[in-house]
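Structure file protein.cif with mmCIF, C-alpha atoms and all ligand atoms:
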```cif
data_start
#
loop_
_atom_site.label_atom_id
_atom_site.label_comp_id
_atom_site.auth_asym_id
_atom_site.auth_seq_id
_atom_site.Cartn_x
_atom_site.Cartn_y
_atom_site.Cartn_z
CA MET A 1 -18.07 -25.00 4.75
CA ARG A 2 -18.41 -21.75 2.87
CA LEU A 3 -17.19 -19.77 5.87
CA THR A 4 -14.08 -21.94 6.00
CA ASP A 5 -13.53 -21.41 2.27
CA ASN A 6 -13.81 -17.66 2.68
CA ARG A 7 -11.41 -17.67 5.58
CA TYR A 8 -8.94 -19.73 3.60
CA ALA A 9 -9.19 -17.40 0.59
CA CYS A 10 -8.72 -14.39 2.86
CA GLU A 11 -5.63 -15.88 4.55
CA LYS A 12 -4.20 -16.83 1.17
CA GLN A 13 -4.53 -13.22 -0.02
CA GLN A 14 -2.90 -11.89 3.16
CA PHE A 15 -0.09 -14.37 2.78
CA GLU A 16 0.48 -13.60 -0.93
CA LEU A 17 0.60 -9.89 -0.18
CA ALA A 18 3.12 -10.43 2.64
CA LEU A 19 5.36 -12.36 0.21
CA ARG A 20 5.02 -9.66 -2.44
CA MET A 21 5.81 -6.88 0.03
CA ILE A 22 8.77 -8.69 1.62
CA GLY A 23 10.11 -9.10 -1.93
CA HIS A 24 10.07 -5.29 -2.18
CA GLU A 25 11.78 -5.00 1.23
CA ALA A 26 8.77 -3.35 2.82
CA ARG A 27 9.03 -2.82 6.56
CA THR A 28 7.27 -5.19 8.93
CA ARG A 29 5.04 -2.37 10.15
CA THR A 30 3.94 -1.54 6.59
CA ILE A 31 3.24 -5.22 5.85
CA ARG A 32 1.26 -5.52 9.09
CA GLU A 33 -0.83 -2.45 8.24
CA CYS A 34 -1.92 -3.94 4.90
CA THR A 35 -2.14 -7.65 5.64
CA GLY A 36 -3.37 -7.56 9.23
CA LEU A 37 -0.89 -10.38 9.95
CA SER A 38 0.96 -10.29 13.27
CA ASP A 39 4.68 -9.46 13.38
CA ASP A 40 5.29 -13.06 14.35
CA ARG A 41 3.51 -14.42 11.25
CA ILE A 42 5.39 -11.96 9.04
CA ARG A 43 8.70 -13.06 10.57
CA LYS A 44 7.78 -16.68 9.85
CA VAL A 45 6.89 -15.91 6.22
CA TYR A 46 10.23 -14.17 5.85
CA ALA A 47 12.17 -16.96 7.55
CA THR A 48 10.46 -19.66 5.49
CA TYR A 49 10.65 -18.07 2.07
CA PHE A 50 13.51 -15.62 2.02
CA ARG A 51 16.20 -16.57 4.51
CA ASN A 52 18.84 -18.96 3.16
CA THR A 53 17.08 -19.26 -0.17
CA GLY A 54 19.84 -17.67 -2.21
CA ARG A 55 17.79 -14.49 -2.56
CA ASP A 56 20.45 -12.53 -0.74
CA GLY A 57 19.18 -9.24 -2.06
CA VAL A 58 16.07 -9.32 0.10
CA ARG A 59 16.57 -7.80 3.54
CA ARG A 60 14.03 -7.45 6.26
CA ARG A 61 13.43 -3.84 7.20
CA ARG A 62 12.40 -2.82 10.66
CA GLY A 63 11.13 0.38 12.21
CA LYS A 64 9.30 3.31 10.72
CA SER A 65 9.06 4.38 7.12
CA PRO A 66 11.33 7.26 6.06
CA GLN A 67 9.50 10.50 6.78
CA GLN A 68 11.51 13.24 5.12
CA ILE A 69 10.53 14.61 1.74
CA GLY A 70 13.97 15.84 0.62
CA LEU A 71 14.70 12.79 -1.49
CA PHE A 72 11.65 13.39 -3.75
CA VAL A 73 12.85 16.85 -4.78
CA LYS A 74 16.61 16.40 -4.48
CA ASN A 75 17.15 16.73 -8.25
CA PRO A 76 15.04 16.65 -11.44
CA GLN A 77 15.65 12.91 -11.85
CA ASN A 78 14.18 12.10 -8.43
CA GLN A 79 11.37 14.59 -8.99
CA LEU A 80 10.51 12.88 -12.25
CA GLN A 81 10.48 9.46 -10.57
CA ALA A 82 8.29 10.72 -7.71
CA THR A 83 5.91 12.24 -10.29
CA THR A 84 5.76 8.89 -12.13
CA LEU A 85 4.77 7.21 -8.86
CA VAL A 86 2.02 9.75 -8.19
CA ALA A 87 0.65 9.20 -11.72
CA LEU A 88 0.70 5.41 -11.14
CA PHE A 89 -1.05 5.83 -7.78
CA CYS A 90 -3.76 7.80 -9.58
CA ALA A 91 -4.06 5.11 -12.26
CA SER A 92 -4.42 2.54 -9.46
CA LEU A 93 -7.27 4.62 -7.99
CA LEU A 94 -5.32 5.16 -4.77
CA LEU A 95 -5.16 8.92 -5.33
CA ARG A 96 -7.31 11.48 -7.10
CA ILE A 97 -6.30 14.96 -8.27
CA ASP A 98 -9.02 17.62 -8.27
CA GLY A 99 -9.39 20.67 -10.52
CA GLU A 100 -7.20 22.74 -8.19
CA ARG A 101 -4.33 20.23 -8.24
CA LYS A 102 -5.10 19.10 -4.70
CA VAL A 103 -4.43 15.41 -4.08
CA HIS A 104 -6.97 13.23 -2.30
CA ALA A 105 -6.50 9.76 -0.85
CA CYS A 106 -9.17 7.41 -2.25
CA TRP A 107 -8.73 4.54 0.20
CA PRO A 108 -10.04 4.88 3.76
CA ARG A 109 -7.30 2.74 5.30
CA PRO A 110 -4.72 0.18 4.18
CA ASP A 111 -6.00 -3.34 3.51
CA VAL A 112 -5.00 -6.29 1.32
CA GLU A 113 -6.35 -4.77 -1.92
CA PHE A 114 -4.67 -1.45 -1.09
CA GLY A 115 -1.36 -3.28 -0.54
CA HIS A 116 -1.60 -5.13 -3.86
CA ARG A 117 -2.35 -1.87 -5.68
CA VAL A 118 0.67 -0.16 -4.11
CA CYS A 119 2.82 -3.16 -5.10
CA ARG A 120 1.51 -3.06 -8.68
CA ALA A 121 2.18 0.68 -8.96
CA PHE A 122 5.69 0.21 -7.53
CA GLU A 123 6.42 -2.70 -9.91
CA THR A 124 5.31 -0.59 -12.90
CA TYR A 125 7.54 2.25 -11.66
CA LEU A 126 10.51 -0.18 -11.62
CA LEU A 127 9.74 -1.13 -15.23
CA LEU A 128 9.59 2.52 -16.32
CA HIS A 129 12.74 3.65 -14.51
CA PRO A 130 15.71 1.33 -15.08
CA LYS A 131 17.68 3.21 -12.40
CA PRO A 132 15.10 3.62 -9.63
CA THR A 133 16.08 6.01 -6.83
CA LEU A 134 13.00 5.43 -4.64
CA SER A 135 12.53 2.24 -2.61
CA PHE A 136 9.17 0.71 -1.79
CA GLU A 137 9.14 2.45 1.59
CA TRP A 138 9.85 5.80 -0.06
CA ALA A 139 6.96 5.15 -2.44
CA TRP A 140 4.77 4.36 0.56
CA ASN A 141 5.88 7.57 2.24
CA LEU A 142 5.16 9.54 -0.96
CA LEU A 143 1.64 8.12 -1.18
CA ARG A 144 0.94 9.29 2.38
CA ASN A 145 2.71 12.60 2.10
CA ILE A 146 1.33 13.88 -1.21
CA SER A 147 -2.28 13.44 -0.09
CA ALA A 148 -1.60 15.51 3.04
CA ASN A 149 -1.14 18.55 0.70
CA ASP A 150 1.32 19.98 3.18
CA GLU A 151 5.05 19.55 2.54
CA LEU A 152 4.61 18.30 -1.02
CA PHE A 153 2.28 19.55 -3.71
CA LEU A 154 1.70 19.24 -7.45
CA ALA A 155 3.11 22.21 -9.29
CA CYS A 156 2.24 23.03 -12.91
CA CYS A 157 5.02 23.57 -15.44
CA ARG A 158 4.81 26.94 -17.24
CA HIS A 159 6.49 25.45 -20.33
CA CYS A 160 4.52 22.24 -20.94
CA ARG A 161 1.64 22.45 -18.40
CA SER A 162 2.62 19.07 -16.88
CA LEU A 163 2.08 18.53 -13.18
CA TYR A 164 5.07 17.55 -11.06
CA VAL A 165 5.92 16.83 -7.43
CA GLN A 166 7.39 19.87 -5.71
CA ASP A 167 8.48 20.89 -2.20
CA ALA A 168 5.86 23.33 -0.89
CA TYR A 169 8.54 25.32 0.95
CA ALA A 170 11.05 25.55 -1.89
CA LEU A 171 11.40 28.29 -4.48
CA ASP A 172 9.60 26.91 -7.51
CA ASP A 173 10.69 28.12 -10.95
CA ARG A 174 7.66 26.34 -12.44
CA ARG A 175 9.77 24.11 -14.62
CA CYS A 176 8.89 20.41 -14.51
CA PRO A 177 11.66 17.81 -14.21
CA SER A 178 11.22 16.70 -17.85
CA CYS A 179 11.72 20.26 -19.11
CA ALA A 180 14.59 20.77 -16.65
CA LEU A 181 16.32 17.56 -17.84
CA SER A 182 15.80 18.26 -21.54
CA HIS A 183 17.21 21.80 -21.20
CA ALA A 184 20.11 20.80 -18.97
ZN ZN A 201 7.53 21.00 -18.43
#
```
Rendering of file as structure tokens:
Amino acid sequence: MRLTDNRYACEKQQFELALRMIGHEARTRTIRECTGLSDDRIRKVYATYFRNTGRDGVRRRRGKSPQQIGLFVKNPQNQLQATTLVALFCASLLLRIDGERKVHACWPRPDVEFGHRVCRAFETYLLLHPKPTLSFEWAWNLLRNISANDELFLACCRHCRSLYVQDAYALDDRRCPSCALSHA
């Protein structure tokens, strides 16, 4: 009896996460990674709850997550939004920043709790930025990319000492996006 209850609770959580992620237009592959549901189950959830429901805005995304980092550092506005997401990922205990500004992933691999935390961080980001430039899949890509400490890193502003997301291969004038925007 208890085993059945646990299994039901577990499936309910997987299912709720799939709904939440489809609502953010996450890709099937990303949803599968977190929920453990098969592509077929995810398709059925989508077909049942989102197709022909009047929620025309929700599209099903296929294929891989965007991999480039250019969008995060395209302009100070995007840089500021990417930095907000990194701060929210830290607050969600998905990332940790050490004393040398290196970023560490705190979750061994995606699971249901991980997925809900990414959703919560992304939803808070949408509340903070009325004109969001980063989609859920870009946020997912950022979470992966920043903890690789390769193409992206956290630079420190020489004016206000804030940390901000920067392209590791770009010339960095050590001015954070907030300072750049307020002096523009
Ligand atoms: Zn600054």
Work out how far apart atom CA of A:Cys179 and atom CA of A:Pro76 are and give it in Å to one decimal.
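Between these atoms lies a distance of 9.1 Å.
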Could you work out how far atom CA of A:Val112 lies from atom CA of A:Asp5, giving the answer in Å with one decimal?
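Atom CA of A:Val112 lies 17.4 Å from atom CA of A:Asp5.
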What is the atom CA of A:Pro132-atom CA of A:Val73 distance in Å, reported with one decimal?
14.3 Å
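Those protein and nucleic acid residues that have any atom within 6 Å of ligand ZN 201 (chain A) are, using all atoms listed in the file, A:Cys157, A:His159, A:Cys160, A:Ser162, A:Arg175, A:Cys176, A:Ser178, A:Cys179.
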Nearest to A:Asn141 by atom-to-atom distance, counting only C-alpha atoms, from A:Cys106, A:Val45, A:Leu88, A:Val118:
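Counting only C-alpha atoms, the residue closest to A:Asn141 is A:Val118.
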Could you pull out every residue with an atom within 10 Å of (-5.2, 18.1, -7.0), file coordinates, counting only C-alpha atoms, and send them as a list in words?
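The answer, in the requested form, is Leu95, Arg96, Ile97, Asp98, Gly99, Glu100, Arg101, Lys102, Val103, His104, Ile146, Ser147, Asn149, Phe153, Leu154, Ala155 and Leu163 of chain A.
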Do you know which residues lie at most 12 Å from (7.6, 8.6, -17.5), with coordinates as in the file and only C-alpha atoms counted, and could you write them as a ChimeraX atom specification?
/A:77-88,124-130,132,162,164,177-178
Who sits within 10 Å of A:Arg20, only C-alpha atoms, same chain under 2 positions skipped, as a short mmCIF file (atom, residue, chain, number, x, y, z; two decimals) with C-alpha atoms, in the frame of the given file:
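Contents of selection-v4.cif, as written:
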```cif
data_model
loop_
_atom_site.label_atom_id
_atom_site.label_comp_id
_atom_site.auth_asym_id
_atom_site.auth_seq_id
_atom_site.Cartn_x
_atom_site.Cartn_y
_atom_site.Cartn_z
CA GLN A 14 -2.90 -11.89 3.16
CA PHE A 15 -0.09 -14.37 2.78
CA GLU A 16 0.48 -13.60 -0.93
CA LEU A 17 0.60 -9.89 -0.18
CA ALA A 18 3.12 -10.43 2.64
CA ILE A 22 8.77 -8.69 1.62
CA GLY A 23 10.11 -9.10 -1.93
CA HIS A 24 10.07 -5.29 -2.18
CA GLU A 25 11.78 -5.00 1.23
CA ALA A 26 8.77 -3.35 2.82
CA ILE A 31 3.24 -5.22 5.85
CA GLY A 115 -1.36 -3.28 -0.54
CA HIS A 116 -1.60 -5.13 -3.86
CA CYS A 119 2.82 -3.16 -5.10
CA ARG A 120 1.51 -3.06 -8.68
#
```
Can you sort out the box for stretch 119-125 of chain A, edges along x, y and z, all listed atoms in, 4 Å on every side, with centre and edge lengths in Å to one decimal, as AutoDock Vina command-line options?
```
--center_x 4.5 --center_y -0.5 --center_z -9.0 --size_x 14.0 --size_y 13.4 --size_z 15.8
```
Nearest residue to A:Leu93 out of A:Arg117, A:Arg144, A:Arg174, A:Lys44, using only C-alpha atoms?
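Closest candidate: A:Arg117.
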Have a look at A:Leu181, A:Ile69, A:Cys10, A:Ala91 and name the one nearest to A:Glu151; count all atoms listed in the file.
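Checking each of A:Leu181, A:Ile69, A:Cys10, A:Ala91 against A:Glu151, counting all atoms listed in the file, the winner is A:Ile69.
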